[in-house]
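Below is one structure, written out as structure tokens; comments come after it.
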Amino acid sequence: MPESVQTMWDGVGVRGGNAQFDVVFENGSISHKLPEAIVRGIQWTIYDEQASAEEIAQLLQNAERKLAADTLARHNAETAFAIEVECPQAAPELQHLTQGDDVYSGKLAAANMRAALRKAFPKVKFSARKSHYGSVSVSRTDGPTKNAVEAIVSRHKGGYFDGMEDIYQHEKTPFVAVFAGAEYTSNRVSRWSTYSC
């Protein structure tokens, strides 16, 4: 129902249509069940000429090859990551830390930050607390420099905020996979020498 497709909100949205389309692209990607409103919307152009059955078959074969290559690459990356995780799991210098699968909440990360800071700076009293989900505040009244604390705390960083996409991008490192992470880390020092991680 192409006649029913309408743009809304000054071209920001589209509604209408009655069909769904599977679209194969020359780069090997495929979009399945695209609504007609999207295909006939402002981001797409439908041309009069039609691809032949042979051209479509070649594009589908290319898409299958790309899918197989992507699947293999993903498998290889997962295998490599699993091997990299074995290093911190067995490292003697990290045996004072607790291993677990609390990757992003910050609870286990806070405990491990306290343990690591206590070992690195035994004469300094640190506080490492989960302030809210995915955020840990580390503070001390005296002792090591900002950079010295950051070197220990930043290992638990579980990603970063992507301002362009306006979303948080998780980035699980082998260290975070073994010893937990906090979603938000920063290295700011206030008048009270507080680190927020």
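Letters A, B, ... mark the chains of the structure tokens in the order given; residue numbers begin at 1 per chain; ligand numbers begin at 1, in order shown.
Residues in contact range of Val176 of chain A, defined as at most 7 Å between only C-alpha atoms, with sequence neighbours fewer than 6 positions away removed, read Val103, His156 and Gly158 of chain A.
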Practice problem: Write out as a count of residues only all residues of segment 22-190 of chain A that DSSP puts in strand (DSSP E or B) for this structure's backbone. | Solution: 34
Exercise. Enumerate as number ranges by chain all residues of segment 63-195 of chain A assigned to alpha helix (DSSP H) by DSSP on the backbone, naming them with the chain letters and numbers the document uses.
Key: A: 63-90, 107-120, 146-153, 174-179
Given the selection you just returned, output its residues as a file containing C-alpha atoms, formatted as a JSON list (two decimals), in the first residue's frame.
[["chain", "number", "residue", "atom", "x", "y", "z"],
["A", 63, "ALA", "CA", 25.64, -12.55, 1.95],
["A", 64, "GLU", "CA", 26.07, -16.23, 2.88],
["A", 65, "ARG", "CA", 29.85, -15.93, 2.50],
["A", 66, "LYS", "CA", 29.87, -12.80, 4.65],
["A", 67, "LEU", "CA", 27.76, -14.50, 7.33],
["A", 68, "ALA", "CA", 30.15, -17.47, 7.39],
["A", 69, "ALA", "CA", 33.18, -15.16, 7.60],
["A", 70, "ASP", "CA", 31.57, -13.09, 10.37],
["A", 71, "THR", "CA", 30.66, -16.24, 12.31],
["A", 72, "LEU", "CA", 34.23, -17.55, 12.03],
["A", 73, "ALA", "CA", 35.69, -14.19, 13.09],
["A", 74, "ARG", "CA", 33.35, -14.06, 16.09],
["A", 75, "HIS", "CA", 34.32, -17.63, 17.06],
["A", 76, "ASN", "CA", 38.04, -16.82, 16.75],
["A", 77, "ALA", "CA", 37.61, -13.67, 18.85],
["A", 78, "GLU", "CA", 35.74, -15.59, 21.56],
["A", 79, "THR", "CA", 38.43, -18.29, 21.59],
["A", 80, "ALA", "CA", 41.22, -15.71, 21.82],
["A", 81, "PHE", "CA", 39.39, -13.92, 24.65],
["A", 82, "ALA", "CA", 38.96, -17.18, 26.57],
["A", 83, "ILE", "CA", 42.72, -17.79, 26.30],
["A", 84, "GLU", "CA", 43.47, -14.24, 27.46],
["A", 85, "VAL", "CA", 41.20, -14.73, 30.50],
["A", 86, "GLU", "CA", 43.38, -17.63, 31.66],
["A", 87, "CYS", "CA", 46.32, -15.26, 32.32],
["A", 88, "PRO", "CA", 44.76, -13.16, 35.10],
["A", 89, "GLN", "CA", 43.02, -16.22, 36.52],
["A", 90, "ALA", "CA", 46.36, -17.91, 37.17],
["A", 107, "LYS", "CA", 30.06, -4.66, 44.06],
["A", 108, "LEU", "CA", 32.88, -7.17, 43.54],
["A", 109, "ALA", "CA", 34.98, -4.53, 41.77],
["A", 110, "ALA", "CA", 34.84, -2.34, 44.91],
["A", 111, "ALA", "CA", 36.03, -5.23, 47.09],
["A", 112, "ASN", "CA", 38.88, -6.00, 44.71],
["A", 113, "MET", "CA", 39.86, -2.33, 44.48],
["A", 114, "ARG", "CA", 40.11, -2.22, 48.29],
["A", 115, "ALA", "CA", 42.23, -5.39, 48.32],
["A", 116, "ALA", "CA", 44.55, -4.15, 45.56],
["A", 117, "LEU", "CA", 44.98, -0.70, 47.08],
["A", 118, "ARG", "CA", 45.59, -2.20, 50.54],
["A", 119, "LYS", "CA", 48.33, -4.41, 49.11],
["A", 120, "ALA", "CA", 49.92, -1.64, 47.04],
["A", 146, "LYS", "CA", 46.20, 10.43, 41.57],
["A", 147, "ASN", "CA", 48.01, 8.48, 38.84],
["A", 148, "ALA", "CA", 49.12, 5.76, 41.24],
["A", 149, "VAL", "CA", 45.54, 5.16, 42.36],
["A", 150, "GLU", "CA", 44.23, 5.36, 38.78],
["A", 151, "ALA", "CA", 46.64, 2.64, 37.65],
["A", 152, "ILE", "CA", 44.91, 0.20, 40.02],
["A", 153, "VAL", "CA", 41.33, 1.45, 39.78],
["A", 174, "PRO", "CA", 40.00, -10.22, 30.43],
["A", 175, "PHE", "CA", 40.75, -8.52, 33.77],
["A", 176, "VAL", "CA", 37.12, -7.38, 34.15],
["A", 177, "ALA", "CA", 35.86, -10.83, 33.15],
["A", 178, "VAL", "CA", 37.83, -12.38, 36.03],
["A", 179, "PHE", "CA", 37.91, -9.70, 38.75]]
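Between atom CA of Ile30 of chain A and atom CA of Gly163 of chain A the interatomic distance comes to 27.9 Å.
Counting from atom CA of Asp142 of chain A, the distance to atom CA of Ala128 of chain A is 14.5 Å.
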Exercise. Show which residues sit within 12 Å of segment 14-23 of chain A, as JSON, numbers by chain. Count only C-alpha atoms, and ignore same-chain residues fewer than 6 positions away.
Key: {"A": [1, 2, 3, 4, 5, 6, 7, 8, 29, 30, 31, 32, 33, 34, 35, 36, 37, 38, 39, 40, 41, 42, 43, 44, 46, 51, 56, 59, 60, 63]}
Resulting file, chosen residues, N, CA and C atoms, as a CSV table (one decimal), in the first residue's frame:
chain,number,residue,atom,x,y,z
A,1,MET,N,0.8,-1.2,0.0
A,1,MET,CA,0.0,0.0,0.0
A,1,MET,C,0.9,1.3,0.0
A,2,PRO,N,1.6,1.5,-1.1
A,2,PRO,CA,2.6,2.6,-1.1
A,2,PRO,C,1.9,4.0,-1.0
A,3,GLU,N,0.6,4.0,-1.4
A,3,GLU,CA,-0.1,5.3,-1.3
A,3,GLU,C,-0.5,5.7,0.1
A,4,SER,N,-0.4,4.7,1.1
A,4,SER,CA,-0.7,5.0,2.5
A,4,SER,C,0.5,5.4,3.3
A,5,VAL,N,1.7,5.4,2.7
A,5,VAL,CA,2.9,5.7,3.4
A,5,VAL,C,3.0,7.2,3.5
A,6,GLN,N,3.2,7.7,4.8
A,6,GLN,CA,3.2,9.1,5.1
A,6,GLN,C,4.4,9.4,6.0
A,7,THR,N,5.0,10.6,5.8
A,7,THR,CA,6.0,11.1,6.7
A,7,THR,C,5.3,11.9,7.8
A,8,MET,N,5.9,11.9,9.0
A,8,MET,CA,5.3,12.6,10.1
A,8,MET,C,6.4,13.4,10.8
A,29,SER,N,25.4,-7.6,3.7
A,29,SER,CA,24.4,-7.6,4.8
A,29,SER,C,23.0,-7.8,4.3
A,30,ILE,N,22.1,-8.3,5.2
A,30,ILE,CA,20.7,-8.5,4.9
A,30,ILE,C,19.9,-7.9,6.0
A,31,SER,N,18.8,-7.3,5.6
A,31,SER,CA,17.8,-6.8,6.5
A,31,SER,C,16.5,-7.6,6.2
A,32,HIS,N,16.0,-8.2,7.3
A,32,HIS,CA,14.8,-9.0,7.1
A,32,HIS,C,13.5,-8.3,7.6
A,33,LYS,N,12.4,-8.5,6.9
A,33,LYS,CA,11.1,-8.0,7.3
A,33,LYS,C,11.1,-6.5,7.6
A,34,LEU,N,11.6,-5.8,6.7
A,34,LEU,CA,11.6,-4.3,6.8
A,34,LEU,C,10.2,-3.9,6.5
A,35,PRO,N,9.5,-3.0,7.3
A,35,PRO,CA,8.2,-2.6,7.0
A,35,PRO,C,8.2,-1.7,5.7
A,36,GLU,N,7.1,-1.7,5.0
A,36,GLU,CA,7.0,-0.9,3.8
A,36,GLU,C,7.2,0.6,4.1
A,37,ALA,N,6.7,1.0,5.3
A,37,ALA,CA,6.9,2.4,5.6
A,37,ALA,C,8.4,2.8,5.7
A,38,ILE,N,9.2,1.9,6.1
A,38,ILE,CA,10.6,2.2,6.2
A,38,ILE,C,11.2,2.2,4.8
A,39,VAL,N,10.9,1.2,4.0
A,39,VAL,CA,11.5,1.1,2.7
A,39,VAL,C,11.1,2.3,1.8
A,40,ARG,N,9.9,2.8,2.0
A,40,ARG,CA,9.4,3.9,1.2
A,40,ARG,C,9.6,5.2,1.9
A,41,GLY,N,10.4,5.2,3.0
A,41,GLY,CA,10.6,6.4,3.8
A,41,GLY,C,11.7,7.3,3.2
A,42,ILE,N,12.1,8.3,4.0
A,42,ILE,CA,13.0,9.3,3.6
A,42,ILE,C,14.4,8.8,3.4
A,43,GLN,N,14.8,7.7,4.0
A,43,GLN,CA,16.2,7.2,4.0
A,43,GLN,C,16.4,6.3,2.8
A,44,TRP,N,15.4,5.9,2.1
A,44,TRP,CA,15.5,4.9,1.0
A,44,TRP,C,15.1,5.5,-0.3
A,46,ILE,N,13.6,4.0,-4.1
A,46,ILE,CA,13.3,2.8,-4.9
A,46,ILE,C,13.3,3.3,-6.4
A,51,ALA,N,16.5,-5.7,-10.4
A,51,ALA,CA,17.7,-6.7,-10.5
A,51,ALA,C,17.2,-8.0,-11.0
A,56,ILE,N,20.3,-11.2,-8.0
A,56,ILE,CA,19.9,-11.5,-6.7
A,56,ILE,C,20.5,-12.7,-6.1
A,59,LEU,N,24.0,-11.9,-5.1
A,59,LEU,CA,24.0,-11.1,-3.8
A,59,LEU,C,23.7,-11.9,-2.6
A,60,LEU,N,22.8,-12.9,-2.8
A,60,LEU,CA,22.5,-13.8,-1.6
A,60,LEU,C,23.7,-14.7,-1.3
A,63,ALA,N,26.1,-12.7,0.6
A,63,ALA,CA,25.6,-12.6,2.0
A,63,ALA,C,25.9,-13.8,2.8
Quiz item: Quick one: residues within 9 Å of Tyr168 of chain A, only C-alpha atoms counted, chain neighbours fewer than 6 positions away excluded, as a PyMOL selection string?
Solution: chain A and resi 159-162+183
Exercise. Name the residues in contact with Gly134 of chain A at a cut-off of 7 Å, using only C-alpha atoms, excluding same-chain residues fewer than 5 positions from it; report them as a list of chain:residue names.
Key: A:Tyr104, A:Ser105, A:Gly106, A:Ala182, A:Glu183, A:Tyr184
Could you save the residues just selected, with N, CA and C atoms, as a compact mmCIF listing (two decimals), in the first residue's frame?
# COMPACT_ATOMS: atom_id res chain seq x y z
N TYR A 104 29.61 -5.93 35.89
CA TYR A 104 29.36 -4.50 35.77
C TYR A 104 28.71 -3.83 36.98
N SER A 105 28.21 -4.55 37.96
CA SER A 105 27.46 -3.90 39.03
C SER A 105 28.34 -3.03 39.92
N GLY A 106 29.62 -3.37 40.04
CA GLY A 106 30.54 -2.60 40.86
C GLY A 106 30.76 -3.18 42.24
N ALA A 182 33.37 -1.96 36.98
CA ALA A 182 32.41 -0.89 37.26
C ALA A 182 32.16 -0.17 35.94
N GLU A 183 30.91 0.15 35.68
CA GLU A 183 30.58 0.77 34.41
C GLU A 183 31.22 2.14 34.26
N TYR A 184 31.25 2.90 35.33
CA TYR A 184 31.75 4.27 35.23
C TYR A 184 33.01 4.45 36.06
Quiz item: How many Å separate atom CA of Phe121 of chain A from atom CA of Ser135 of chain A?
Solution: 22.4 Å
